[in-house]
Amino acid sequence: MQALSIKNLKKTYRNGFVALKGLDLNVESGDFFALLGPNGAGKSTAIGIISSLVTKTSGSVSIFGHDLDKQRTQAKMNIGLVPQEINFNQFETVRNIVINQAGYYGIPRKEAKRRADHCIKQMDLWDKRDSVSRRLSGGMKRRVMIARAMVHSPKLLILDEPTAGVDIEIRRAMWEMMEMANQQGTTIILTTHYLEEAESLCRNIAIINQGEIVENSDMQSLLAKINMQYFMLNLSEPVKQAPQVHGYQMEMLEPSVLNVGVPKEKGLNPLFHQLSEQGIKVHSLKNKSNRLEQLFLDIVQ
Amino acid sequence: MNFFIPFWTILTKEIRRFTRIWPQTLLPPAITTSLYFLIFGKLIGDRIGLINGVSYMDYIVPGVILMSVISHSYANVVSSFYSTKFQRHIEELLVAPVPNFVILSGYVGGGVARGVLVGTVVALISTLFAKIQVQNWMVAMSVFFLTAILFALAGFINAVFADSFDDISIIPNFILTPLSYLGGVFYSVSMLPDIWQTISLGNPILYMINAFRFGLIGVSDIDVIMAFSITGGFIVFLTLLSLLLLYKGVGIKN
């Protein structure tokens with residue numbers, strides 16, 4: 001079963017800007033899916049159309065087999081959205097925001113309260129349930145939006161840069177929440193600029209650039225396309241110039257720091273062997289760049 | 001899906017909003033209208049004598065009540081729905097399976113609730129100054145509610161088009177208030193020169209105030225059937241326009 005099926009989706013804004021040029025995308029039920037792309041690539045427009053915040057120019061969107069135009073209510077019942085920017089009533093209490101959202105999905109008041117309390121507790125906001133939302137910290141506001149998106153138990157949860165600008169502790173808590181929701185059967189679509197986040201959480205990935213899908217595969221296959229990894233070597237003793245090592249790209253950043261390009265088929269052992277022969281001792285090393293980040297830049301540039 | 005629950009959710013949210021800020025929403029009309037009744041009705045009215053066979057105080061009561069209904073049903077929807085757009089929590093409704101007619105009914109219902117509540121407060125205050133025997137409850141209550149619905153719809157359309165807080169105060173200040181004052185709240189149009197009587201007939205508020213006055217004290221400058229037709233016509237037109245604007249996503253969708 002496909003959680004999301006997008007066919008030939010196009011969007012041209014009134015000012016003539018073409019945001020989507022005919023997007024095709026499928027996300028399987030139960031997936032943890034990354035939708036990546038540079039700013040202005042069309043990610044937010046696509047999410048806006050899926051969640052009915054943006055009017056499409058043409059094309060079709062189905063959620064769990066329900067066409068968004070023809071079976072609007074059924075399609076919408078299955079979606080929960082955590083938008084990029086804060087969009088709740090800043091003068092309302094946390095509990096009322098979540099209860100009202102349940103009401104918009106037709107959930108009776110008593111049941112809405114029970115569900116809202118459950119989601120608020122899950123998001124660790126119970127102590128703040130009666131606080132007016134504008135008094136919350138940025139991280140708490142994001143958790144309110146997640147609690148609100150989860151209150152009607154959607155089968156597809158779309159999170160548009162949920163961890164942007166939040167500290168690492170809250171980010172980790174959000175990762176745990178997303179993983180838990182996914183393990184319980186919720187399909188998750190995540191957009192993020194933190195590519196290590198996508199790499200560690202998501203099983204499948206699509207990269208969108210200039211309104212088109214330029215890459216769509218599973219994460220492992222995509223990462224396997226990397227031919228070269230870069231490492232920084234800290235040397236025990238400084239060198240005067242970068243040593244010549246056959247089969248590796250070598251650059252001296254500082255007298256005791258080398259930047260080395262390691263081809264996938266060669267690995268690190270021959271490198272250490274050749275360095276050792278030249279009397280160069282490596283004290284420590286670290287992977288210079290995130291693998292997905294490197295691929296992402298190759299694809300979109 | 002049961003659409004009554006989302007409707008009720010929006011309506012109760014709206015009612016909670018204006019009752020929570022009652023010093024801004026309910027208290028000012030109580031004070032202002034008390035001053036109207038005291039100054040215009042009592043102090044000046046005693047020197048004016050009878051208008052169309054009734055005391056000046058009795059004559060102005062229906063207009064003052066209805067003016068409060070008009071301004072508050074309008075103000076509630078225009079400020080609330082604009083704020084919903086401005087803070088972007090309209091997206092909560094757009095993401096959810098809430099049909100447009102439910103969104104419209106919820107907000108208009110909130111405006112009607114405030115208009116009716118303020119109108120009732122003003123009517124209760126009027127009993128301190130005038131002893132009115134209601135002549136036709138049916139007409140009075142119908143006009144009372146229909147006027148609240150009409151101006152709540154108008155406030156909704158204003159909010160849809162508004163791009164700034166200035167935009168939500170221009171129409172109330174420069175159109176609604178002058179039309180209300182010129183709608184015969186404090187005078188009978190028969191007192192005006194012929195040309196101004198004719199011009200006044202182009203003011204829809206004149207019809208509602210006179211129909212309400214007919215219901216309360218049995219006096220009217222215009223035909224009551226005509227007043228109901230005009231009010232009903234406006235309600236149908238504004239409802240269809242509001243639904244069209246929501247369908248097209250004007251002001252709320254990209």
# chains A, B, ... in the order shown; residues from 1 in each chain; ligands from 1
call {"tool": "select_by_dssp", "arguments": {"residues": "stretch 49-206 of chain B", "states": "alpha helix (DSSP H)", "output": "tab-separated table (two decimals) with C-alpha atoms, in the first residue's frame"}}
result
chain	number	residue	atom	x	y	z
B	56	TYR	CA	-37.59	60.43	21.89
B	57	MET	CA	-36.10	58.00	24.39
B	58	ASP	CA	-38.36	55.18	23.18
B	59	TYR	CA	-37.64	56.19	19.59
B	60	ILE	CA	-33.84	55.84	19.84
B	61	VAL	CA	-33.75	52.59	21.86
B	62	PRO	CA	-34.22	50.18	18.89
B	63	GLY	CA	-31.58	51.95	16.80
B	64	VAL	CA	-29.02	52.03	19.61
B	65	ILE	CA	-29.55	48.30	20.30
B	66	LEU	CA	-29.24	47.38	16.63
B	67	MET	CA	-26.20	49.62	16.13
B	68	SER	CA	-24.44	47.60	18.86
B	69	VAL	CA	-25.44	44.35	17.16
B	70	ILE	CA	-24.09	45.60	13.82
B	71	SER	CA	-20.75	46.86	15.08
B	72	HIS	CA	-20.02	43.90	17.39
B	73	SER	CA	-21.02	41.05	15.09
B	74	TYR	CA	-18.85	42.69	12.40
B	75	ALA	CA	-15.94	43.49	14.71
B	76	ASN	CA	-15.81	39.98	16.16
B	77	VAL	CA	-15.45	38.18	12.86
B	78	VAL	CA	-13.19	40.70	11.17
B	79	SER	CA	-10.69	40.77	14.03
B	80	SER	CA	-10.85	37.08	14.84
B	81	PHE	CA	-10.59	35.76	11.29
B	82	TYR	CA	-7.88	38.28	10.37
B	83	SER	CA	-5.92	37.24	13.45
B	84	THR	CA	-6.40	33.60	12.39
B	85	LYS	CA	-4.85	34.47	9.03
B	86	PHE	CA	-2.15	36.71	10.51
B	90	ILE	CA	-6.05	29.11	9.66
B	91	GLU	CA	-3.72	26.30	8.51
B	92	GLU	CA	-5.06	24.14	11.37
B	93	LEU	CA	-8.45	24.25	9.64
B	94	LEU	CA	-7.14	23.90	6.09
B	95	VAL	CA	-5.11	20.77	6.89
B	100	ASN	CA	-15.65	25.61	3.84
B	101	PHE	CA	-19.27	25.98	4.91
B	102	VAL	CA	-18.33	24.72	8.39
B	103	ILE	CA	-15.47	27.24	8.66
B	104	LEU	CA	-17.83	30.03	7.57
B	105	SER	CA	-20.64	28.90	9.89
B	106	GLY	CA	-18.28	28.66	12.86
B	107	TYR	CA	-16.87	32.16	12.48
B	108	VAL	CA	-20.20	33.75	11.57
B	109	GLY	CA	-21.76	31.91	14.52
B	110	GLY	CA	-19.13	33.47	16.79
B	111	GLY	CA	-19.90	36.95	15.42
B	112	VAL	CA	-23.65	36.40	15.83
B	113	ALA	CA	-23.10	35.21	19.41
B	114	ARG	CA	-21.20	38.39	20.30
B	115	GLY	CA	-23.64	40.67	18.43
B	116	VAL	CA	-26.61	39.05	20.16
B	117	LEU	CA	-24.95	39.10	23.59
B	118	VAL	CA	-23.96	42.79	23.29
B	119	GLY	CA	-27.40	43.64	21.88
B	120	THR	CA	-29.01	41.89	24.85
B	121	VAL	CA	-26.79	43.79	27.33
B	122	VAL	CA	-27.73	47.09	25.64
B	123	ALA	CA	-31.42	46.10	25.63
B	124	LEU	CA	-31.23	45.37	29.38
B	125	ILE	CA	-29.57	48.75	30.01
B	126	SER	CA	-32.32	50.44	27.98
B	137	TRP	CA	-41.64	39.78	19.08
B	138	MET	CA	-41.43	37.81	15.84
B	139	VAL	CA	-40.33	40.80	13.75
B	140	ALA	CA	-38.02	42.14	16.45
B	141	MET	CA	-36.18	38.87	17.07
B	142	SER	CA	-35.94	38.03	13.35
B	143	VAL	CA	-34.37	41.40	12.53
B	144	PHE	CA	-32.11	41.13	15.57
B	145	PHE	CA	-30.66	37.78	14.46
B	146	LEU	CA	-30.68	38.44	10.70
B	147	THR	CA	-28.78	41.72	11.18
B	148	ALA	CA	-26.17	39.93	13.31
B	149	ILE	CA	-25.76	37.25	10.61
B	150	LEU	CA	-25.49	39.82	7.81
B	151	PHE	CA	-22.78	41.89	9.49
B	152	ALA	CA	-20.87	38.84	10.71
B	153	LEU	CA	-20.71	37.75	7.04
B	154	ALA	CA	-19.58	41.23	6.00
B	155	GLY	CA	-16.86	41.12	8.66
B	156	PHE	CA	-15.71	37.75	7.35
B	157	ILE	CA	-15.32	39.11	3.80
B	158	ASN	CA	-13.43	42.15	5.10
B	159	ALA	CA	-11.04	39.81	6.96
B	160	VAL	CA	-10.50	37.64	3.87
B	161	PHE	CA	-9.30	40.65	1.87
B	167	ASP	CA	-7.53	47.11	6.54
B	168	ILE	CA	-9.77	45.74	9.28
B	169	SER	CA	-10.51	49.19	10.72
B	170	ILE	CA	-11.12	51.16	7.50
B	171	ILE	CA	-14.57	49.76	6.72
B	177	THR	CA	-20.29	53.81	11.54
B	178	PRO	CA	-21.45	56.62	9.20
B	179	LEU	CA	-24.09	54.36	7.62
B	180	SER	CA	-25.32	53.35	11.10
B	181	TYR	CA	-25.63	56.96	12.28
B	194	ASP	CA	-36.82	65.21	0.20
B	195	ILE	CA	-33.49	64.74	-1.54
B	196	TRP	CA	-31.87	63.32	1.63
B	197	GLN	CA	-34.87	61.07	2.23
B	198	THR	CA	-34.33	59.59	-1.23
B	199	ILE	CA	-30.57	59.22	-0.69
B	200	SER	CA	-31.19	57.58	2.71
B	204	PRO	CA	-29.42	49.18	3.87
B	205	ILE	CA	-28.98	49.81	7.59
B	206	LEU	CA	-31.96	52.20	7.48
call {"tool": "closest_atom_pairs", "arguments": {"of": "chain B", "to": "chain A", "cutoff": "9 Å", "atoms": "only C-alpha atoms", "output": "Markdown table"}}
result
| residue | atom | partner | partner_atom | distance |
| --- | --- | --- | --- | --- |
| B:Met1 | CA | A:Gly106 | CA | 6.5 |
| B:Asn2 | CA | A:Gly106 | CA | 5.8 |
| B:Phe3 | CA | A:Gly106 | CA | 6.6 |
| B:Phe4 | CA | A:Gly106 | CA | 7.8 |
| B:Ile5 | CA | A:Gly106 | CA | 5.2 |
| B:Pro6 | CA | A:Tyr104 | CA | 4.4 |
| B:Phe7 | CA | A:Tyr104 | CA | 7.9 |
| B:Trp8 | CA | A:Gly103 | CA | 8.2 |
| B:Thr9 | CA | A:Gly103 | CA | 5.7 |
| B:Ile10 | CA | A:Asn100 | CA | 7.8 |
| B:Lys13 | CA | A:Asn100 | CA | 7.9 |
| B:Ser83 | CA | A:Asn89 | CA | 8.7 |
| B:Thr84 | CA | A:Asn89 | CA | 7.5 |
| B:Gln87 | CA | A:Asn87 | CA | 6.2 |
| B:Arg88 | CA | A:Asn87 | CA | 5.0 |
| B:His89 | CA | A:Phe88 | CA | 4.7 |
| B:Ile90 | CA | A:Asn87 | CA | 8.2 |
| B:Glu91 | CA | A:Leu53 | CA | 6.7 |
| B:Glu92 | CA | A:Gln101 | CA | 6.8 |
| B:Leu93 | CA | A:Tyr104 | CA | 6.7 |
| B:Leu94 | CA | A:Ser52 | CA | 6.2 |
| B:Val95 | CA | A:Ser51 | CA | 5.4 |
| B:Ala96 | CA | A:Tyr105 | CA | 6.0 |
| B:Pro97 | CA | A:Thr73 | CA | 5.0 |
| B:Val98 | CA | A:Tyr104 | CA | 6.3 |
| B:Pro99 | CA | A:Thr73 | CA | 8.7 |
| B:Lys248 | CA | A:Thr55 | CA | 8.8 |
| B:Gly249 | CA | A:Thr55 | CA | 8.0 |
| B:Ile252 | CA | A:Leu53 | CA | 8.2 |
| B:Lys253 | CA | A:Val54 | CA | 5.5 |
| B:Asn254 | CA | A:Val54 | CA | 5.0 |
call {"tool": "atom_distance", "arguments": {"atom1": "atom CA of A:Arg135", "atom2": "atom CA of A:Arg95"}}
result
13.8 Å
call {"tool": "atom_distance", "arguments": {"atom1": "atom CA of A:Leu125", "atom2": "atom CA of A:Met178"}}
result
16.4 Å
call {"tool": "select_by_dssp", "arguments": {"residues": "stretch 96-276 of chain A", "states": "strand (DSSP E or B)", "output": "VMD selection string"}}
result
chain A and resid 132 156 to 160 187 to 191 204 to 209 212 to 218 228 to 235 249 to 254 257 to 263
call {"tool": "residues_around", "arguments": {"residues": "A:Ile170", "least_positions_apart": "3", "cutoff": "12 Å", "atoms": "only C-alpha atoms", "output": "number ranges by chain"}}
result
A: 123-124, 137-143, 162-167, 173-177
call {"tool": "atom_distance", "arguments": {"atom1": "atom CA of A:Ser131", "atom2": "atom CA of A:Met150"}}
result
19.7 Å
call {"tool": "decode", "arguments": {"residues": "stretch 141-152 of chain B", "atoms": "all heavy atoms", "output": "PDB file, in the first residue's frame"}}
result
ATOM      1  N   MET B 141     -37.221  39.893  16.908  1.00  0.00           N
ATOM      2  CA  MET B 141     -36.179  38.871  17.070  1.00  0.00           C
ATOM      3  C   MET B 141     -35.596  38.456  15.718  1.00  0.00           C
ATOM      4  O   MET B 141     -34.388  38.213  15.597  1.00  0.00           O
ATOM      5  CB  MET B 141     -36.722  37.626  17.801  1.00  0.00           C
ATOM      6  CG  MET B 141     -37.138  37.875  19.235  1.00  0.00           C
ATOM      7  SD  MET B 141     -35.914  38.797  20.198  1.00  0.00           S
ATOM      8  CE  MET B 141     -34.629  37.595  20.392  1.00  0.00           C
ATOM      9  N   SER B 142     -36.453  38.400  14.687  1.00  0.00           N
ATOM     10  CA  SER B 142     -35.942  38.035  13.355  1.00  0.00           C
ATOM     11  C   SER B 142     -34.935  39.072  12.875  1.00  0.00           C
ATOM     12  O   SER B 142     -33.845  38.727  12.406  1.00  0.00           O
ATOM     13  CB  SER B 142     -37.072  37.955  12.329  1.00  0.00           C
ATOM     14  OG  SER B 142     -38.077  37.144  12.794  1.00  0.00           O
ATOM     15  N   VAL B 143     -35.290  40.352  12.992  1.00  0.00           N
ATOM     16  CA  VAL B 143     -34.375  41.402  12.525  1.00  0.00           C
ATOM     17  C   VAL B 143     -33.087  41.386  13.351  1.00  0.00           C
ATOM     18  O   VAL B 143     -31.985  41.523  12.818  1.00  0.00           O
ATOM     19  CB  VAL B 143     -35.052  42.802  12.621  1.00  0.00           C
ATOM     20  CG1 VAL B 143     -34.076  43.882  12.202  1.00  0.00           C
ATOM     21  CG2 VAL B 143     -36.287  42.852  11.760  1.00  0.00           C
ATOM     22  N   PHE B 144     -33.256  41.181  14.653  1.00  0.00           N
ATOM     23  CA  PHE B 144     -32.114  41.130  15.574  1.00  0.00           C
ATOM     24  C   PHE B 144     -31.084  40.085  15.102  1.00  0.00           C
ATOM     25  O   PHE B 144     -29.905  40.377  14.920  1.00  0.00           O
ATOM     26  CB  PHE B 144     -32.691  40.759  16.951  1.00  0.00           C
ATOM     27  CG  PHE B 144     -31.764  40.926  18.117  1.00  0.00           C
ATOM     28  CD1 PHE B 144     -31.258  42.166  18.463  1.00  0.00           C
ATOM     29  CD2 PHE B 144     -31.424  39.826  18.909  1.00  0.00           C
ATOM     30  CE1 PHE B 144     -30.441  42.310  19.576  1.00  0.00           C
ATOM     31  CE2 PHE B 144     -30.603  39.970  20.013  1.00  0.00           C
ATOM     32  CZ  PHE B 144     -30.115  41.214  20.347  1.00  0.00           C
ATOM     33  N   PHE B 145     -31.565  38.859  14.844  1.00  0.00           N
ATOM     34  CA  PHE B 145     -30.657  37.777  14.455  1.00  0.00           C
ATOM     35  C   PHE B 145     -30.156  37.940  13.011  1.00  0.00           C
ATOM     36  O   PHE B 145     -28.979  37.726  12.726  1.00  0.00           O
ATOM     37  CB  PHE B 145     -31.337  36.410  14.631  1.00  0.00           C
ATOM     38  CG  PHE B 145     -31.265  35.916  16.042  1.00  0.00           C
ATOM     39  CD1 PHE B 145     -32.304  36.132  16.929  1.00  0.00           C
ATOM     40  CD2 PHE B 145     -30.134  35.262  16.505  1.00  0.00           C
ATOM     41  CE1 PHE B 145     -32.235  35.703  18.245  1.00  0.00           C
ATOM     42  CE2 PHE B 145     -30.050  34.821  17.817  1.00  0.00           C
ATOM     43  CZ  PHE B 145     -31.111  35.044  18.700  1.00  0.00           C
ATOM     44  N   LEU B 146     -31.081  38.321  12.099  1.00  0.00           N
ATOM     45  CA  LEU B 146     -30.676  38.441  10.695  1.00  0.00           C
ATOM     46  C   LEU B 146     -29.618  39.542  10.522  1.00  0.00           C
ATOM     47  O   LEU B 146     -28.672  39.394   9.746  1.00  0.00           O
ATOM     48  CB  LEU B 146     -31.890  38.726   9.805  1.00  0.00           C
ATOM     49  CG  LEU B 146     -32.873  37.560   9.632  1.00  0.00           C
ATOM     50  CD1 LEU B 146     -34.100  38.003   8.848  1.00  0.00           C
ATOM     51  CD2 LEU B 146     -32.194  36.380   8.930  1.00  0.00           C
ATOM     52  N   THR B 147     -29.770  40.632  11.268  1.00  0.00           N
ATOM     53  CA  THR B 147     -28.779  41.719  11.181  1.00  0.00           C
ATOM     54  C   THR B 147     -27.424  41.222  11.682  1.00  0.00           C
ATOM     55  O   THR B 147     -26.375  41.515  11.081  1.00  0.00           O
ATOM     56  CB  THR B 147     -29.247  42.929  12.025  1.00  0.00           C
ATOM     57  OG1 THR B 147     -30.535  43.313  11.569  1.00  0.00           O
ATOM     58  CG2 THR B 147     -28.292  44.092  11.900  1.00  0.00           C
ATOM     59  N   ALA B 148     -27.432  40.469  12.776  1.00  0.00           N
ATOM     60  CA  ALA B 148     -26.173  39.928  13.312  1.00  0.00           C
ATOM     61  C   ALA B 148     -25.516  39.010  12.279  1.00  0.00           C
ATOM     62  O   ALA B 148     -24.299  39.085  12.047  1.00  0.00           O
ATOM     63  CB  ALA B 148     -26.441  39.173  14.604  1.00  0.00           C
ATOM     64  N   ILE B 149     -26.309  38.178  11.619  1.00  0.00           N
ATOM     65  CA  ILE B 149     -25.759  37.254  10.611  1.00  0.00           C
ATOM     66  C   ILE B 149     -25.166  38.052   9.447  1.00  0.00           C
ATOM     67  O   ILE B 149     -24.035  37.798   9.004  1.00  0.00           O
ATOM     68  CB  ILE B 149     -26.856  36.283  10.095  1.00  0.00           C
ATOM     69  CG1 ILE B 149     -27.282  35.334  11.204  1.00  0.00           C
ATOM     70  CG2 ILE B 149     -26.373  35.493   8.881  1.00  0.00           C
ATOM     71  CD1 ILE B 149     -28.527  34.506  10.888  1.00  0.00           C
ATOM     72  N   LEU B 150     -25.928  39.052   8.980  1.00  0.00           N
ATOM     73  CA  LEU B 150     -25.488  39.820   7.812  1.00  0.00           C
ATOM     74  C   LEU B 150     -24.137  40.508   8.074  1.00  0.00           C
ATOM     75  O   LEU B 150     -23.211  40.421   7.260  1.00  0.00           O
ATOM     76  CB  LEU B 150     -26.551  40.873   7.470  1.00  0.00           C
ATOM     77  CG  LEU B 150     -26.472  41.537   6.107  1.00  0.00           C
ATOM     78  CD1 LEU B 150     -27.817  42.165   5.761  1.00  0.00           C
ATOM     79  CD2 LEU B 150     -25.401  42.595   6.008  1.00  0.00           C
ATOM     80  N   PHE B 151     -24.016  41.141   9.250  1.00  0.00           N
ATOM     81  CA  PHE B 151     -22.778  41.890   9.492  1.00  0.00           C
ATOM     82  C   PHE B 151     -21.623  40.978   9.922  1.00  0.00           C
ATOM     83  O   PHE B 151     -20.458  41.334   9.733  1.00  0.00           O
ATOM     84  CB  PHE B 151     -23.038  43.056  10.448  1.00  0.00           C
ATOM     85  CG  PHE B 151     -23.769  44.148   9.730  1.00  0.00           C
ATOM     86  CD1 PHE B 151     -25.147  44.227   9.779  1.00  0.00           C
ATOM     87  CD2 PHE B 151     -23.075  45.041   8.927  1.00  0.00           C
ATOM     88  CE1 PHE B 151     -25.830  45.198   9.055  1.00  0.00           C
ATOM     89  CE2 PHE B 151     -23.750  46.011   8.199  1.00  0.00           C
ATOM     90  CZ  PHE B 151     -25.128  46.093   8.256  1.00  0.00           C
ATOM     91  N   ALA B 152     -21.940  39.807  10.456  1.00  0.00           N
ATOM     92  CA  ALA B 152     -20.872  38.835  10.706  1.00  0.00           C
ATOM     93  C   ALA B 152     -20.301  38.363   9.371  1.00  0.00           C
ATOM     94  O   ALA B 152     -19.077  38.234   9.206  1.00  0.00           O
ATOM     95  CB  ALA B 152     -21.415  37.656  11.502  1.00  0.00           C
TER      96      ALA B 152
END
